[in-house]
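Q: Got a file for you: coords20.txt, compact mmCIF, C-alpha atoms.
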# COMPACT_ATOMS: atom_id res chain seq x y z
CA MET A 10 75.31 25.83 60.06
CA GLU A 11 77.35 27.92 62.48
CA GLN A 12 75.30 29.91 64.98
CA ILE A 13 76.06 32.30 67.83
CA ILE A 14 74.20 33.03 71.04
CA HIS A 15 75.04 35.42 73.85
CA ASN A 16 74.73 34.82 77.58
CA ILE A 17 76.40 35.85 80.81
CA ASN A 18 79.68 34.32 79.59
CA GLY A 19 79.67 36.31 76.33
CA SER A 20 79.40 34.73 72.88
CA ILE A 21 79.07 31.02 72.22
CA CYS A 22 79.62 29.69 68.71
CA TYR A 23 78.06 26.32 67.91
CA GLU A 24 76.36 24.09 65.38
CA HIS A 25 72.93 22.55 65.85
CA GLU A 26 71.91 19.74 63.50
CA GLY A 27 69.26 17.04 63.30
CA LYS A 28 66.28 16.12 65.47
CA GLY A 29 65.48 13.77 68.33
CA GLN A 30 67.71 12.72 71.23
CA VAL A 31 70.26 15.43 72.10
CA VAL A 32 73.88 14.38 71.61
CA VAL A 33 76.59 16.88 72.54
CA LEU A 34 80.04 16.66 70.94
CA LEU A 35 82.92 18.43 72.70
CA HIS A 36 86.22 19.05 70.95
CA GLY A 37 89.61 18.98 72.62
CA PHE A 38 92.66 21.18 73.08
CA GLY A 39 93.95 22.99 70.00
CA GLU A 40 90.89 22.03 67.93
CA ASP A 41 87.49 23.48 67.18
CA LYS A 42 84.05 21.99 66.55
CA SER A 43 84.98 21.12 62.95
CA ILE A 44 87.04 18.19 64.25
CA TRP A 45 83.66 16.40 64.44
CA ASN A 46 82.55 17.18 60.87
CA HIS A 47 82.60 13.55 59.69
CA GLN A 48 80.60 12.48 62.74
CA ILE A 49 78.14 15.37 62.33
CA ASN A 50 77.42 14.46 58.72
CA PHE A 51 76.81 10.84 59.73
CA LEU A 52 74.89 11.21 63.00
CA LYS A 53 72.66 14.17 62.11
CA ASN A 54 70.43 11.74 60.23
CA TYR A 55 69.65 9.97 63.52
CA TYR A 56 69.97 12.46 66.40
CA GLN A 57 69.89 16.10 67.42
CA LEU A 58 73.52 17.24 67.60
CA ILE A 59 74.84 20.23 69.53
CA ILE A 60 78.49 21.01 68.85
CA PRO A 61 79.91 24.10 70.58
CA ASN A 62 83.27 25.76 70.27
CA LEU A 63 84.70 25.74 73.78
CA PRO A 64 85.31 29.13 75.45
CA GLY A 65 88.27 30.84 73.81
CA THR A 66 87.95 28.88 70.57
CA GLY A 67 86.68 30.52 67.38
CA LYS A 68 83.96 33.03 68.16
CA SER A 69 83.26 31.64 71.65
CA SER A 70 84.36 34.09 74.34
CA LEU A 71 87.19 33.08 76.66
CA LEU A 72 86.08 32.48 80.24
CA GLN A 73 87.10 35.33 82.51
CA GLY A 74 88.98 34.66 85.73
CA LEU A 75 92.46 34.08 87.09
CA ASN A 76 92.07 30.42 88.03
CA ILE A 77 89.72 28.72 85.57
CA GLN A 78 89.22 25.02 86.33
CA ILE A 79 87.82 22.13 84.28
CA GLU A 80 84.67 22.38 86.43
CA ASP A 81 84.14 25.93 85.14
CA TYR A 82 83.86 24.61 81.59
CA ALA A 83 81.34 22.02 82.80
CA ASP A 84 79.25 24.80 84.36
CA TRP A 85 79.57 26.81 81.14
CA LEU A 86 78.29 23.82 79.17
CA PHE A 87 75.36 23.21 81.51
CA HIS A 88 74.15 26.82 81.23
CA PHE A 89 74.64 26.81 77.46
CA LEU A 90 72.54 23.67 77.07
CA GLN A 91 69.61 25.25 78.89
CA HIS A 92 68.90 27.09 75.63
CA PHE A 93 68.01 23.77 73.99
CA ILE A 94 66.66 21.32 76.57
CA ASN A 95 63.95 21.28 79.21
CA PRO A 96 64.65 20.27 82.84
CA SER A 97 63.45 16.69 82.35
CA GLN A 98 65.39 16.10 79.14
CA LYS A 99 68.61 14.06 79.24
CA ILE A 100 71.60 14.39 76.96
CA ILE A 101 74.39 12.12 75.79
CA LEU A 102 77.78 13.81 76.08
CA LEU A 103 80.77 12.70 74.00
CA GLY A 104 84.12 14.41 74.55
CA HIS A 105 87.44 14.16 72.76
CA SER A 106 90.59 14.52 74.89
CA MET A 107 90.10 17.74 76.91
CA GLY A 108 86.43 17.52 75.93
CA GLY A 109 86.37 14.21 77.80
CA TYR A 110 87.83 15.87 80.91
CA ILE A 111 85.03 18.41 80.76
CA GLY A 112 82.54 15.59 80.25
CA LEU A 113 83.75 13.87 83.42
CA ALA A 114 83.42 17.11 85.40
CA TYR A 115 79.94 17.52 83.94
CA ALA A 116 79.03 13.93 84.87
CA LYS A 117 80.18 14.52 88.45
CA LYS A 118 78.07 17.67 88.93
CA TYR A 119 75.13 17.11 86.58
CA ALA A 120 74.77 13.31 86.51
CA GLU A 121 70.98 13.53 86.60
CA THR A 122 70.98 15.23 83.17
CA LEU A 123 72.90 12.43 81.43
CA ALA A 124 71.61 9.41 79.54
CA GLY A 125 75.19 8.45 78.67
CA PHE A 126 78.68 9.84 78.16
CA GLY A 127 81.82 8.90 76.32
CA LEU A 128 85.57 9.41 76.51
CA ILE A 129 87.11 9.56 73.04
CA HIS A 130 90.90 9.38 73.40
CA SER A 131 90.55 10.72 76.92
CA THR A 132 91.20 9.61 80.50
CA ALA A 133 89.77 9.91 83.99
CA PHE A 134 93.25 9.87 85.54
CA THR A 135 94.79 13.11 86.75
CA ASP A 136 98.10 14.29 85.30
CA SER A 137 101.20 12.58 86.64
CA ASP A 138 103.97 14.81 87.98
CA GLU A 139 105.86 14.21 84.74
CA LYS A 140 102.86 15.23 82.65
CA LYS A 141 102.41 18.39 84.71
CA GLU A 142 106.02 19.34 84.06
CA ILE A 143 105.49 18.78 80.33
CA ARG A 144 102.45 21.09 80.43
CA LYS A 145 104.41 23.74 82.35
CA ARG A 146 107.14 23.68 79.71
CA ALA A 147 104.47 23.88 77.02
CA ILE A 148 103.06 27.02 78.66
CA ASP A 149 106.54 28.56 78.62
CA THR A 150 106.88 27.69 74.92
CA ILE A 151 103.48 29.20 74.09
CA ASN A 152 104.37 32.37 75.97
CA GLU A 153 107.67 32.67 74.12
CA TYR A 154 106.75 31.62 70.59
CA GLY A 155 102.96 31.98 70.41
CA ALA A 156 100.03 29.60 69.93
CA ALA A 157 100.40 29.02 66.19
CA SER A 158 104.04 28.02 66.39
CA PHE A 159 103.34 25.68 69.30
CA LEU A 160 100.46 23.92 67.53
CA LYS A 161 102.46 23.60 64.31
CA ASN A 162 104.95 21.48 66.22
CA THR A 163 102.51 19.49 68.37
CA ILE A 164 99.53 18.69 66.12
CA PRO A 165 101.41 16.18 63.89
CA ASN A 166 102.35 14.19 67.00
CA LEU A 167 98.67 13.45 67.66
CA PHE A 168 98.47 11.17 64.61
CA ALA A 169 99.79 7.71 63.89
CA SER A 170 102.86 7.79 61.65
CA SER A 171 101.14 6.04 58.72
CA PHE A 172 98.23 8.51 58.69
CA LYS A 173 100.60 11.44 59.00
CA GLU A 174 102.62 10.30 56.00
CA ASN A 175 99.57 9.68 53.81
CA ASN A 176 97.46 12.70 54.77
CA PRO A 177 99.63 15.83 54.96
CA THR A 178 96.77 18.03 53.73
CA ILE A 179 94.61 17.15 56.74
CA ILE A 180 97.48 17.86 59.13
CA ASN A 181 98.17 21.20 57.47
CA GLU A 182 94.50 22.18 57.64
CA LEU A 183 94.47 21.58 61.40
CA ILE A 184 97.66 23.59 61.79
CA ALA A 185 96.08 26.43 59.81
CA GLN A 186 93.00 26.34 62.05
CA GLY A 187 95.31 26.61 65.04
CA LYS A 188 96.36 30.07 63.91
CA THR A 189 92.98 31.36 65.09
CA LEU A 190 93.66 30.32 68.70
CA SER A 191 95.21 32.80 71.11
CA LYS A 192 97.99 31.98 73.52
CA GLU A 193 95.66 33.11 76.34
CA SER A 194 93.19 30.38 75.39
CA LEU A 195 95.77 27.62 75.16
CA ILE A 196 97.36 28.59 78.45
CA GLN A 197 93.97 28.68 80.19
CA TYR A 198 93.23 25.19 78.84
CA TYR A 199 96.60 23.83 79.89
CA LYS A 200 96.31 25.17 83.43
CA ALA A 201 92.81 23.72 83.78
CA MET A 202 93.94 20.32 82.51
CA MET A 203 97.02 20.35 84.70
CA ASN A 204 94.97 21.05 87.83
CA ARG A 205 92.06 18.71 87.16
CA PRO A 206 91.32 16.05 89.80
CA ASP A 207 91.25 12.32 89.29
CA SER A 208 87.78 11.33 88.08
CA SER A 209 87.93 7.58 88.57
CA GLU A 210 85.16 7.84 91.16
CA VAL A 211 82.90 9.44 88.55
CA LEU A 212 83.24 6.30 86.45
CA LYS A 213 82.62 4.04 89.46
CA GLN A 214 79.47 5.95 90.43
CA SER A 215 78.07 6.24 86.92
CA SER A 216 74.56 4.86 86.54
CA VAL A 217 74.77 5.16 82.74
CA ALA A 218 76.83 3.30 80.15
CA VAL A 219 80.22 4.87 79.44
CA LEU A 220 81.87 4.73 76.02
CA PHE A 221 85.66 4.39 75.75
CA ILE A 222 87.42 4.84 72.40
CA MET A 223 91.19 4.26 72.36
CA GLY A 224 93.99 4.27 69.80
CA LYS A 225 96.79 1.74 70.10
CA GLU A 226 99.34 4.39 69.08
CA ASP A 227 97.99 7.17 71.30
CA VAL A 228 100.69 8.78 73.46
CA ALA A 229 98.41 11.55 74.81
CA ALA A 230 95.87 9.09 76.29
CA PRO A 231 97.88 5.85 76.36
CA LEU A 232 96.00 2.63 75.73
CA GLN A 233 97.21 0.94 78.92
CA ASP A 234 96.10 3.88 81.07
CA VAL A 235 92.60 3.95 79.62
CA LEU A 236 92.22 0.17 79.74
CA GLN A 237 92.67 0.37 83.50
CA GLN A 238 89.53 2.53 83.67
CA CYS A 239 87.20 0.50 81.48
CA HIS A 240 86.16 -1.84 84.30
CA LEU A 241 85.15 1.00 86.64
CA PRO A 242 81.66 1.81 85.30
CA LYS A 243 78.85 -0.68 85.73
CA ILE A 244 78.43 -0.72 81.94
CA SER A 245 81.27 0.05 79.51
CA ASP A 246 81.30 0.05 75.73
CA ILE A 247 84.82 -0.18 74.32
CA LEU A 248 86.50 0.37 70.95
CA ILE A 249 90.25 -0.14 70.47
CA LEU A 250 91.59 1.13 67.16
CA ASP A 251 94.62 -0.36 65.39
CA ASN A 252 97.09 2.00 63.69
CA VAL A 253 95.38 5.01 65.31
CA ALA A 254 96.78 7.55 67.75
CA HIS A 255 94.81 10.42 69.33
CA MET A 256 92.60 11.54 66.44
CA GLY A 257 90.33 8.65 65.57
CA MET A 258 87.61 10.99 64.27
CA LEU A 259 89.92 11.59 61.30
CA GLU A 260 92.18 8.53 61.38
CA ALA A 261 89.39 5.92 61.54
CA THR A 262 86.25 7.82 60.58
CA GLU A 263 84.05 4.88 59.59
CA GLN A 264 84.92 2.82 62.67
CA ILE A 265 84.30 5.79 64.97
CA ASN A 266 81.00 6.61 63.29
CA GLU A 267 79.71 3.06 63.51
CA LYS A 268 80.76 2.73 67.16
CA LEU A 269 79.12 6.04 68.10
CA LEU A 270 75.91 4.97 66.40
CA SER A 271 75.87 1.54 68.04
CA TYR A 272 76.61 3.07 71.46
CA LEU A 273 73.84 5.65 71.09
CA GLN A 274 71.39 2.97 69.98
CA MET A 275 72.35 0.80 72.95
CA VAL A 276 71.93 3.64 75.44
CA LEU A 277 68.54 4.63 74.09
CA SER A 278 67.25 1.05 73.97
CA ASN A 279 67.65 0.64 77.74
Now that the file is in, can you turn its structure into structure tokens?
A:
Amino acid sequence: MEQIIHNINGSICYEHEGKGQVVVLLHGFGEDKSIWNHQINFLKNYYQLIIPNLPGTGKSSLLQGLNIQIEDYADWLFHFLQHFINPSQKIILLGHSMGGYIGLAYAKKYAETLAGFGLIHSTAFTDSDEKKEIRKRAIDTINEYGAASFLKNTIPNLFASSFKENNPTIINELIAQGKTLSKESLIQYYKAMMNRPDSSEVLKQSSVAVLFIMGKEDVAAPLQDVLQQCHLPKISDILILDNVAHMGMLEATEQINEKLLSYLQMVLSN
């Protein structure tokens, strides 16, 4: 059930399901918390799930400021979670794409609050110069044509060709959801992603097991880039998905669900 709380940052829209160990699911750019619906329905029988809409998405207020960084979203998440956990309680944080970038920033600053964290189609590497130029052009496009038009053209590219051909309804639903996002939100996200630091050291210093989920057809978080990072943590749990691009939560629901469950069980058994 969707809920809303208010704090110093304004409104935060979220879902809160299940009981037990707290698992936080963070969505990525151009999505909202519903991207995790299949995982919520599966995992709520085992764990306590907290799934917020990031600032500027849905009914969650956009962060105010001229130079919002990925670290600001990590701080936002930390303060939000204080409504649900006590100081000695640890969470497991799983982030998709941009949600993974926020998870890494969170792990760097609030490592003592984590029992585990995962990068789902995400990367610890900073943007290359080429990627930064692509994001700059994207910002220009959003400014000129608006958020909805931009997402209509980019969302289909996040899926493997076979899934895209066989599931047009799912693609169209995501495009329709994108109409609720403002250009201010998307531009703030893009600037934060573009300016984020390399987080390889966060993986090296991690005292908890890190989950990596990759798609062989992912062009947003390329397989070869992410594979280079898997050896950095002391303990890594890895899933590589065939015929999947950037949206495994929808493209390979059962495989994702089973891997998330096995990872969570492994973390909590240690």
Q: Using only C-alpha atoms for the distances, tell me which of A:Pro206, A:Gly37, A:Gly74, A:Pro242 is nearest to Phe126 (chain A).
A: A:Pro242
Q: Quick one: everything within 9 Å of Gln186 (chain A), counting only C-alpha atoms, minus sequence neighbours fewer than 2 positions away in the same chain. Send it as a ChimeraX atom specification.
A: /A:39-41,157,181-184,188-190
Q: Between A:Ile44, A:Ile21, A:Met107, A:Val32, single out the one closest to Pro64 (chain A), counting all atoms listed in the file.
A: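 Closest to Pro64 (chain A), using all atoms listed in the file: A:Ile21.
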Q: Could you name the residues that touch Gly257 (chain A) at 9 Å or less, counting all atoms listed in the file, but leaving out those on the same chain fewer than 3 positions away, as an MDAnalysis selection string?
A: chainID A and resid 129:130 168 222:224 250 253:254 260:262 264:265
Q: Taking all listed atoms of region 229-244 of chain A, build the axis-aligned box, pad each of the six sides by 3 Å, then write its centre and edge lengths in Å to one decimal as lines of an AutoDock Vina configuration file.
A:
center_x = 88.4
center_y = 4.9
center_z = 80.7
size_x = 26.0
size_y = 19.4
size_z = 17.8
Q: Take the point (85.7, 35.3, 75.8) as written in the file and pick out every residue within 9 Å of it, counting all atoms listed in the file; give the list as a ChimeraX atom specification.
A: /A:18-21,64-66,68-73,194
Q: Would you be able to write out as a ChimeraX atom specification which residues have an atom within 10 Å of (85.5, 0.0, 78.6) in the file's coordinates, counting all atoms listed in the file?
A: /A:127-128,218-223,235-249
Q: Please indicate the distance in Å from CA of Phe134 (chain A) to CA of Lys173 (chain A), rounded to one decimal place.
A: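 For CA of Phe134 (chain A) relative to CA of Lys173 (chain A), the distance reads 27.6 Å.
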Q: Which residues come within 8 Å of region 146-153 of chain A, counting only C-alpha atoms, excluding same-chain residues fewer than 3 positions away, as a PyMOL selection string?
A: chain A and resi 142-143+156+158-159+192+195-196+199
Q: Provide the CA of Ser97 (chain A) to CA of Ala124 (chain A) distance in Å, to one decimal place.
A: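 Computed distance, CA of Ser97 (chain A) to CA of Ala124 (chain A), equals 11.3 Å.
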Q: Have a look at A:Lys213, A:Ala185, A:Met256, A:Glu26 and name the one nearest to Asn166 (chain A); count only C-alpha atoms.
A: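 Smallest separation from Asn166 (chain A) among the options: A:Met256.
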Q: In Å, with one decimal, what is the gap from CA of Lys161 (chain A) to CA of Gly67 (chain A)?
A: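 Computed distance, CA of Lys161 (chain A) to CA of Gly67 (chain A), equals 17.5 Å.
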Q: Pick the closest to Leu86 (chain A) from A:Leu273, A:Leu58, A:Ile49, A:Leu35: which is it, counting all atoms listed in the file?
A: A:Leu35
Q: With distances taken over all atoms listed in the file, which residue among A:Ile17, A:Lys140, A:Glu24, A:Val217 lies nearest Ala120 (chain A)?
A: A:Val217
Q: Given all atoms listed in the file as the basis, pick out the residue of A:Ser216, A:Asn204, A:Ser209, A:Ser278 nearest to Gln78 (chain A).
A: A:Asn204
